[in-house]
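Everything below belongs to upload-v1.cif, which stores mmCIF, C-alpha atoms and all ligand atoms.
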```
data_work
loop_
_atom_site.label_atom_id
_atom_site.label_comp_id
_atom_site.auth_asym_id
_atom_site.auth_seq_id
_atom_site.Cartn_x
_atom_site.Cartn_y
_atom_site.Cartn_z
CA MET A 1 -60.22 -92.09 94.12
CA TYR A 2 -57.32 -94.11 95.39
CA ALA A 3 -53.70 -93.01 95.66
CA ASN A 4 -50.41 -94.86 95.50
CA PHE A 5 -47.07 -93.98 97.08
CA VAL A 6 -43.85 -95.67 98.00
CA SER A 7 -42.13 -94.29 101.06
CA SER A 8 -38.83 -94.90 102.85
CA ILE A 9 -39.04 -96.24 106.42
CA ASP A 10 -38.52 -92.67 107.61
CA GLY A 11 -41.43 -91.31 105.58
CA ILE A 12 -39.70 -89.75 102.58
CA VAL A 13 -41.37 -89.96 99.15
CA ALA A 14 -39.68 -87.15 97.19
CA LEU A 15 -36.00 -86.35 96.77
CA GLU A 16 -33.95 -83.40 95.47
CA ALA A 17 -36.77 -80.89 95.98
CA GLY A 18 -39.09 -83.07 93.93
CA THR A 19 -36.93 -83.08 90.78
CA ALA A 20 -35.71 -86.69 91.09
CA PRO A 21 -37.65 -89.73 89.81
CA SER A 22 -38.11 -90.50 93.48
CA GLY A 23 -40.51 -93.47 93.53
CA GLY A 24 -38.19 -95.77 91.60
CA ILE A 25 -35.19 -94.71 93.67
CA ILE A 26 -36.99 -95.26 96.99
CA SER A 27 -38.53 -98.60 96.02
CA GLY A 28 -35.27 -99.79 94.45
CA ARG A 29 -37.43 -100.58 91.39
CA ASN A 30 -38.74 -103.46 93.47
CA GLU A 31 -40.52 -106.08 91.38
CA ALA A 32 -43.45 -106.61 93.74
CA ASP A 33 -44.00 -102.87 94.03
CA ARG A 34 -44.02 -102.48 90.24
CA PHE A 35 -46.53 -105.34 90.00
CA VAL A 36 -48.84 -103.59 92.49
CA MET A 37 -48.46 -100.27 90.64
CA GLY A 38 -49.48 -102.03 87.43
CA LEU A 39 -52.44 -103.65 89.13
CA LEU A 40 -53.64 -100.33 90.57
CA ARG A 41 -53.34 -98.74 87.11
CA ALA A 42 -55.17 -101.68 85.55
CA PHE A 43 -58.23 -100.93 87.72
CA ALA A 44 -58.38 -97.22 86.87
CA ASP A 45 -60.38 -95.30 84.27
CA ALA A 46 -57.82 -92.50 84.63
CA VAL A 47 -54.46 -91.91 86.29
CA LEU A 48 -54.12 -88.40 87.73
CA VAL A 49 -50.69 -86.75 88.22
CA GLY A 50 -49.30 -83.27 88.77
CA ALA A 51 -46.90 -81.78 86.24
CA GLY A 52 -44.11 -81.98 88.87
CA THR A 53 -44.27 -85.77 88.83
CA VAL A 54 -44.21 -85.85 85.03
CA ARG A 55 -41.16 -83.54 84.92
CA ALA A 56 -39.35 -85.60 87.59
CA GLU A 57 -39.59 -88.76 85.48
CA GLY A 58 -37.36 -86.99 82.95
CA GLY A 59 -39.19 -87.76 79.73
CA LYS A 60 -39.13 -91.52 80.02
CA ALA A 61 -42.28 -92.79 81.68
CA LEU A 62 -45.71 -93.92 80.61
CA TRP A 63 -48.46 -94.21 83.22
CA THR A 64 -49.82 -97.52 81.94
CA PRO A 65 -50.01 -100.91 83.67
CA ASP A 66 -47.80 -102.72 81.17
CA TYR A 67 -45.12 -100.00 81.10
CA ILE A 68 -44.40 -100.41 84.80
CA PHE A 69 -44.63 -104.23 84.88
CA PRO A 70 -44.49 -105.68 81.35
CA ALA A 71 -44.47 -109.31 82.54
CA ALA A 72 -48.14 -109.01 83.60
CA ALA A 73 -49.31 -107.09 80.51
CA LYS A 74 -51.65 -109.87 79.40
CA ALA A 75 -53.19 -110.31 82.88
CA TYR A 76 -53.71 -106.53 83.19
CA ALA A 77 -55.34 -106.40 79.74
CA ASP A 78 -57.66 -109.33 80.65
CA LEU A 79 -58.58 -107.59 83.90
CA ARG A 80 -59.42 -104.36 82.07
CA GLN A 81 -61.56 -106.26 79.62
CA ALA A 82 -63.42 -108.04 82.46
CA LEU A 83 -63.97 -104.66 84.15
CA LYS A 84 -65.14 -103.17 80.83
CA ARG A 85 -62.45 -100.50 80.97
CA GLU A 86 -60.88 -98.79 77.94
CA LYS A 87 -57.68 -100.41 76.65
CA THR A 88 -55.46 -98.10 78.72
CA PRO A 89 -56.26 -95.69 81.54
CA ARG A 90 -56.36 -92.02 80.47
CA LEU A 91 -53.45 -90.00 81.83
CA VAL A 92 -54.71 -86.71 83.30
CA ILE A 93 -52.03 -84.10 84.09
CA VAL A 94 -52.73 -81.06 86.27
CA CYS A 95 -50.49 -78.18 85.28
CA GLY A 96 -50.54 -74.47 86.18
CA SER A 97 -47.68 -73.49 83.87
CA ASP A 98 -46.48 -74.34 80.37
CA ALA A 99 -43.54 -76.37 81.73
CA LEU A 100 -44.29 -79.65 79.98
CA ASP A 101 -41.83 -81.10 77.50
CA PRO A 102 -43.65 -81.75 74.18
CA SER A 103 -41.38 -84.75 73.51
CA GLU A 104 -42.63 -86.60 76.62
CA PRO A 105 -43.64 -90.09 75.45
CA ALA A 106 -46.75 -89.87 77.65
CA LEU A 107 -47.86 -86.76 75.73
CA GLU A 108 -47.08 -88.41 72.40
CA ALA A 109 -49.20 -91.38 73.50
CA GLY A 110 -52.08 -89.05 74.38
CA ALA A 111 -53.14 -87.44 77.65
CA LEU A 112 -55.55 -84.85 79.00
CA VAL A 113 -53.83 -81.74 80.36
CA LEU A 114 -55.94 -79.68 82.75
CA THR A 115 -54.55 -76.20 83.03
CA THR A 116 -55.39 -72.52 83.39
CA ALA A 117 -56.26 -70.03 80.64
CA ALA A 118 -52.84 -68.49 79.86
CA PRO A 119 -50.69 -71.65 79.65
CA ALA A 120 -53.48 -73.45 77.75
CA LYS A 121 -52.84 -71.33 74.64
CA ARG A 122 -49.09 -71.94 74.72
CA LEU A 123 -49.43 -75.66 75.48
CA ARG A 124 -51.95 -76.18 72.66
CA ALA A 125 -49.45 -74.73 70.22
CA VAL A 126 -46.62 -77.09 71.14
CA LEU A 127 -48.00 -80.35 72.54
CA PRO A 128 -48.61 -83.38 70.29
CA LYS A 129 -52.06 -83.58 68.72
CA ALA A 130 -52.80 -86.81 70.63
CA THR A 131 -52.93 -84.74 73.83
CA GLU A 132 -55.92 -82.58 74.71
CA VAL A 133 -55.25 -79.33 76.55
CA ARG A 134 -58.23 -78.05 78.50
CA ALA A 135 -58.42 -74.75 80.38
CA VAL A 136 -60.48 -75.33 83.50
CA SER A 137 -59.60 -72.19 85.45
CA ASP A 138 -59.11 -68.46 84.85
CA SER A 139 -56.87 -67.97 87.88
CA ASP A 140 -53.28 -69.19 88.51
CA SER A 141 -54.30 -72.52 89.97
CA ILE A 142 -57.04 -75.08 89.57
CA ASP A 143 -59.56 -75.90 92.25
CA VAL A 144 -59.76 -79.59 93.14
CA GLU A 145 -63.49 -79.59 92.36
CA ASP A 146 -62.75 -78.41 88.81
CA ILE A 147 -60.31 -81.30 88.36
CA PHE A 148 -63.05 -83.73 89.39
CA GLU A 149 -65.67 -81.98 87.27
CA ALA A 150 -63.45 -82.34 84.17
CA MET A 151 -62.85 -86.04 84.84
CA ARG A 152 -66.54 -86.65 85.52
CA ALA A 153 -67.44 -84.92 82.26
CA ASP A 154 -65.23 -87.41 80.41
CA GLY A 155 -66.86 -90.34 82.22
CA TYR A 156 -63.95 -91.24 84.52
CA ARG A 157 -65.24 -92.70 87.77
CA THR A 158 -62.43 -94.88 89.15
CA ILE A 159 -59.38 -92.69 89.46
CA LEU A 160 -55.86 -93.51 90.60
CA SER A 161 -53.82 -90.59 91.89
CA GLU A 162 -50.11 -90.98 91.26
CA GLY A 163 -49.57 -87.28 91.89
CA GLY A 164 -46.79 -86.10 94.14
CA PRO A 165 -46.98 -84.45 97.57
CA GLN A 166 -48.43 -81.14 96.32
CA LEU A 167 -51.38 -82.60 94.43
CA PHE A 168 -51.95 -85.34 97.03
CA GLY A 169 -52.04 -82.68 99.78
CA GLU A 170 -54.70 -80.74 97.87
CA LEU A 171 -56.80 -83.86 97.32
CA VAL A 172 -56.57 -84.98 100.96
CA SER A 173 -57.40 -81.45 102.21
CA ARG A 174 -60.66 -81.68 100.30
CA ASP A 175 -61.36 -85.23 101.52
CA ARG A 176 -61.22 -86.46 97.94
CA VAL A 177 -59.04 -89.55 98.48
CA ASP A 178 -60.91 -92.70 99.52
CA GLU A 179 -58.02 -95.13 99.80
CA LEU A 180 -54.25 -95.00 100.00
CA PHE A 181 -51.99 -97.84 98.85
CA LEU A 182 -48.66 -97.29 100.55
CA THR A 183 -45.53 -99.33 99.99
CA VAL A 184 -42.92 -99.01 102.70
CA SER A 185 -39.51 -99.71 101.23
CA PRO A 186 -36.78 -100.91 103.60
CA VAL A 187 -34.56 -97.85 103.17
CA LEU A 188 -33.73 -94.75 105.20
CA GLU A 189 -33.42 -91.49 103.26
CA GLY A 190 -32.76 -88.92 105.99
CA GLN A 191 -34.27 -85.47 105.69
CA SER A 192 -33.35 -81.98 104.51
CA ASP A 193 -35.41 -79.19 103.00
CA GLN A 194 -34.80 -81.00 99.69
CA SER A 195 -36.69 -84.16 100.64
CA PHE A 196 -40.23 -84.51 101.86
CA GLY A 197 -43.07 -86.79 102.83
CA MET A 198 -46.39 -87.58 101.21
CA ILE A 199 -47.98 -84.18 101.76
CA ARG A 200 -46.47 -80.79 100.97
CA GLY A 201 -47.95 -77.34 101.52
CA VAL A 202 -50.69 -78.31 103.98
CA ASP A 203 -50.38 -78.90 107.72
CA PHE A 204 -53.21 -80.73 109.47
CA GLY A 205 -51.41 -80.33 112.81
CA ARG A 206 -53.54 -81.25 115.82
CA THR A 207 -56.46 -82.31 113.66
CA PRO A 208 -54.81 -85.02 111.55
CA LYS A 209 -56.67 -86.78 108.80
CA ARG A 210 -57.48 -90.23 110.08
CA SER A 211 -57.55 -93.57 108.33
CA ARG A 212 -58.26 -97.24 108.89
CA LEU A 213 -55.84 -99.99 107.93
CA LEU A 214 -57.59 -102.36 105.52
CA SER A 215 -54.80 -104.80 104.69
CA VAL A 216 -51.12 -105.57 105.13
CA HIS A 217 -49.01 -107.66 102.80
CA ARG A 218 -45.30 -108.32 102.84
CA HIS A 219 -42.93 -109.30 100.06
CA GLU A 220 -39.47 -109.93 101.48
CA SER A 221 -38.67 -106.63 103.23
CA HIS A 222 -41.24 -104.46 101.43
CA LEU A 223 -44.56 -103.77 103.16
CA PHE A 224 -47.77 -103.16 101.21
CA LEU A 225 -50.35 -101.25 103.22
CA ARG A 226 -53.88 -100.31 102.23
CA TYR A 227 -55.72 -97.58 104.14
CA GLN A 228 -59.23 -96.22 103.96
CA LEU A 229 -59.24 -92.49 104.62
CA GLU A 230 -61.97 -91.15 106.90
CA HIS A 231 -63.91 -88.20 105.50
N1 LIG B 1 -42.62 -91.91 96.13
C1 LIG B 1 -43.71 -91.88 95.39
O1 LIG B 1 -44.52 -92.81 95.41
C2 LIG B 1 -44.00 -90.68 94.54
C3 LIG B 1 -45.23 -90.56 93.87
C4 LIG B 1 -45.46 -89.42 93.10
C5 LIG B 1 -44.47 -88.43 92.99
N2 LIG B 1 -43.31 -88.59 93.65
C6 LIG B 1 -42.24 -87.59 93.58
O2 LIG B 1 -42.75 -86.33 93.95
C7 LIG B 1 -41.92 -85.32 93.34
C8 LIG B 1 -42.81 -84.27 92.70
O3 LIG B 1 -43.54 -83.67 93.74
P1 LIG B 1 -44.65 -82.57 93.42
O4 LIG B 1 -45.33 -82.25 94.70
O5 LIG B 1 -44.02 -81.46 92.64
O6 LIG B 1 -45.60 -83.41 92.44
P2 LIG B 1 -47.07 -83.09 91.87
O7 LIG B 1 -48.01 -82.73 92.96
O8 LIG B 1 -47.42 -84.31 91.07
O9 LIG B 1 -46.84 -81.88 90.87
C9 LIG B 1 -46.90 -80.56 91.33
C10 LIG B 1 -47.20 -79.68 90.13
O10 LIG B 1 -48.50 -80.03 89.60
C11 LIG B 1 -49.17 -78.86 89.20
N3 LIG B 1 -50.31 -78.65 90.08
C12 LIG B 1 -50.63 -79.34 91.22
N4 LIG B 1 -51.78 -78.88 91.75
C13 LIG B 1 -52.21 -77.88 90.93
C14 LIG B 1 -53.33 -77.03 90.92
N5 LIG B 1 -54.27 -77.10 91.88
N6 LIG B 1 -53.45 -76.12 89.93
C15 LIG B 1 -52.52 -76.05 88.94
N7 LIG B 1 -51.42 -76.84 88.89
C16 LIG B 1 -51.28 -77.74 89.87
C17 LIG B 1 -48.18 -77.72 89.30
O11 LIG B 1 -47.49 -77.73 88.05
P3 LIG B 1 -46.80 -76.40 87.43
O12 LIG B 1 -45.58 -76.17 88.28
O13 LIG B 1 -46.48 -76.77 86.04
O14 LIG B 1 -47.82 -75.32 87.56
C18 LIG B 1 -47.26 -78.21 90.43
O15 LIG B 1 -45.98 -77.63 90.41
C19 LIG B 1 -41.03 -86.04 92.34
O16 LIG B 1 -39.76 -86.20 92.89
C20 LIG B 1 -41.72 -87.37 92.17
O17 LIG B 1 -40.82 -88.39 91.80
C21 LIG B 1 -43.05 -89.69 94.43
#
```
Could you quickly redo this structure as structure tokens?
Ligand SMILES: NC(=O)c1ccc[n+]([C@@H]2O[C@H](COP(=O)([O-])OP(=O)(O)OC[C@H]3O[C@@H](n4cnc5c(N)ncnc54)[C@H](OP(=O)(O)O)[C@@H]3O)[C@@H](O)[C@H]2O)c1
Amino acid sequence: MYANFVSSIDGIVALEAGTAPSGGIISGRNEADRFVMGLLRAFADAVLVGAGTVRAEGGKALWTPDYIFPAAAKAYADLRQALKREKTPRLVIVCGSDALDPSEPALEAGALVLTTAAPAKRLRAVLPKATEVRAVSDSDSIDVEDIFEAMRADGYRTILSEGGPQLFGELVSRDRVDELFLTVSPVLEGQSDQSFGMIRGVDFGRTPKRSRLLSVHRHESHLFLRYQLEH
């Protein structure tokens, strides 16, 4: 599993309490960053997100390589073919409520929604037929291992996490993220209780999760960092 984020210089990835489409705002919809996002998606069997990230995009986004960087659509498709991947990566959404808009284009296109027993019934009744709703927990939330078990059962091995700070925090807590691709955008966002960094809801404090820097690239003032997380 590898994750992708874009952060401001001062470490902010999410704005307006996580309701804003923050990545595009922070990166300035930078062309090189969108190319890298497409490339990371092109490698994946599945793209994993939390429902918060889907809601924040405001019913516009698709989590496919060509949606984020159409100019490289052909190269991404060739790469997927060479890697023997399906035509597009499967979008997997983790959701503990029924707060998903049925008119989301990503749900119309087809996704796998992993949820808990009660919302599963309601979501099945309203979401487009192209989307599968699967109950993987009887409690209010889903254990990270159950998310992985569901993806394994469907044959997904190479997984890109584009989830926000809540889901990413859960994955890192369980040492489930192998690599992090981090774009540092040359902006300062400042901080309030409405904006936050890459991990929310977990505090590693004096025993931080450690990583090793694998590569650094620069495009104009944007930095592209690749880390391997130690487990
Ligand atoms: N800068 C970047 O690169 C970047 C990348 C990704 C996201 N973001 C930003 O991050 C913000 C969203 O943050 P977020 O932390 O809310 O995103 P998130 O982690 O993707 O979504 C959180 C939601 O996912 C569901 N969820 C997560 N873990 C769950 C579990 N174990 N069991 C059941 N449901 C679970 C819950 O949905 P329910 O509430 O429906 O139960 C939860 O509210 C947005 O502003 C987005 O733009 C930025």
message: Under the rule that only C-alpha atoms are counted, which of A:Gly58, A:Ile26, A:Leu39, A:Pro208 is the nearest residue to A:Leu188?
response: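 Closest residue, counting only C-alpha atoms: A:Ile26.
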- request: Tell me, as a ChimeraX atom specification, which residues lie within 9 Å of A:Asp98, counting all atoms listed in the file; anything in the same chain fewer than 4 positions away does not count.
  value: /A:115,118-120,122-123
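Residue nearest A:Glu86 within the list A:Ala61, A:Ala106, A:Ala72, A:Ala44: A:Ala44 [criterion: smallest interatomic distance, all atoms listed in the file].
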Considering all atoms listed in the file, give me a table of residues in chain A that are at most 6 Å from ligand LIG 1 (chain B), with the closest atom pair and distance in Å for each, as a Markdown table.
```
| residue | atom | partner | partner_atom | distance |
| --- | --- | --- | --- | --- |
| A:Phe5 | CA | B:LIG1 | O1 | 3.3 |
| A:Val6 | CA | B:LIG1 | O1 | 3.9 |
| A:Ser7 | CA | B:LIG1 | N1 | 5.5 |
| A:Val13 | CA | B:LIG1 | N1 | 3.8 |
| A:Ala14 | CA | B:LIG1 | O16 | 4.4 |
| A:Leu15 | CA | B:LIG1 | O16 | 5.4 |
| A:Gly18 | CA | B:LIG1 | O16 | 3.4 |
| A:Thr19 | CA | B:LIG1 | O16 | 4.7 |
| A:Ala20 | CA | B:LIG1 | O16 | 4.5 |
| A:Pro21 | CA | B:LIG1 | O17 | 4.0 |
| A:Ser22 | CA | B:LIG1 | O17 | 3.8 |
| A:Gly23 | CA | B:LIG1 | N1 | 3.7 |
| A:Val49 | CA | B:LIG1 | O8 | 5.0 |
| A:Gly50 | CA | B:LIG1 | O8 | 3.1 |
| A:Ala51 | CA | B:LIG1 | O10 | 4.1 |
| A:Gly52 | CA | B:LIG1 | O9 | 3.4 |
| A:Thr53 | CA | B:LIG1 | O8 | 4.1 |
| A:Ala56 | CA | B:LIG1 | C19 | 5.1 |
| A:Val94 | CA | B:LIG1 | C16 | 5.1 |
| A:Cys95 | CA | B:LIG1 | N7 | 4.0 |
| A:Gly96 | CA | B:LIG1 | O14 | 3.2 |
| A:Ser97 | CA | B:LIG1 | O13 | 4.1 |
| A:Ala99 | CA | B:LIG1 | O13 | 5.2 |
| A:Ser141 | CA | B:LIG1 | N6 | 3.7 |
| A:Ile142 | CA | B:LIG1 | N6 | 3.8 |
| A:Asp143 | CA | B:LIG1 | N5 | 5.4 |
| A:Glu162 | CA | B:LIG1 | C4 | 5.2 |
| A:Gly163 | CA | B:LIG1 | O8 | 3.8 |
| A:Gly164 | CA | B:LIG1 | O6 | 3.4 |
| A:Pro165 | CA | B:LIG1 | O4 | 4.0 |
| A:Gln166 | CA | B:LIG1 | O4 | 3.7 |
| A:Leu167 | CA | B:LIG1 | O7 | 3.7 |
```
For atom CA of A:Arg176 and atom CA of A:Gly205, the interatomic separation in Å (one decimal): 18.8 Å
- request: Determine the nearest neighbour of A:Leu229 from the options A:Glu149, A:Glu189, A:Asp178, A:Glu16, counting all atoms listed in the file.
  value: A:Asp178
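Take the candidates A:Arg55, A:Arg85, A:Arg226, A:Arg34 and check each one against A:Pro70 using only C-alpha atoms; the shortest distance goes to A:Arg34.
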field: Coordinates-based distance that separates atom CA of A:Leu91 from atom CA of A:Gly28 (Å, one decimal)
entry: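 Separation between atom CA of A:Gly28 and atom CA of A:Leu91: 24.2 Å.
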